[in-house]
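Student: Quick one: structure below, then a few questions.
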Amino acid sequence: MQFGFEQMGLRFVVAQVMLDNIASKKLLEKLGFQSQGVLKEYRFFKEQFHDLEQFVLNK
């Protein structure tokens, strides 16, 4: 992420995780990401649609 912010000039990084993936959510929060809400039926995976929670880390 440091490379992205400093070398590439990114202003933010976005991550999306399935709602039941608690470990990934905790890791993102530990890294400073903030939840931006839930994307309903956003991803089709294993024959069904899934809701995803979106997290953002601002520079």
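By order in the structure tokens, chains are A, B, ...; within a chain, residues start at 1; ligands start at 1, following the order shown.
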Contacts of A:His50 at 9 Å or less, counting only C-alpha atoms, minus same-chain residues fewer than 3 places along, as a ChimeraX atom specification?

Tutor: /A:18-19,39-45

Student: Would you please extract all helix (DSSP H, G or I) residues from chain A, as assigned by DSSP on the backbone, and give them as a PyMOL selection string?

Tutor: chain A and resi 2-6+22-30

Student: Between A:Val14, A:Met1, A:Gly9, A:Phe55, which one has atoms that come closest to A:Lys26, using only C-alpha atoms?

Tutor: A:Phe55

Student: Work out how far atom CA of A:Gly32 is from atom CA of A:Val56, in Å to one decimal.

Tutor: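 Separation of atom CA of A:Val56 and atom CA of A:Gly32: 8.6 Å.
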
Student: Smallest atom-to-atom distance to A:Met8: which of A:Asp20, A:Gly37, A:Gln54, A:Lys59, using only C-alpha atoms?

Tutor: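 Smallest distance to A:Met8 is found for A:Lys59.
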
Student: Could you please determine the separation between atom CA of A:Leu10 and atom CA of A:Glu29 in Å, to one decimal place?

Tutor: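 Interatomic distance here is 19.2 Å.
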
Student: Which of these, A:Phe12, A:Asp51, A:Phe3, A:Leu57, has the shortest distance to A:Lys30 once you count only C-alpha atoms?

Tutor: A:Leu57
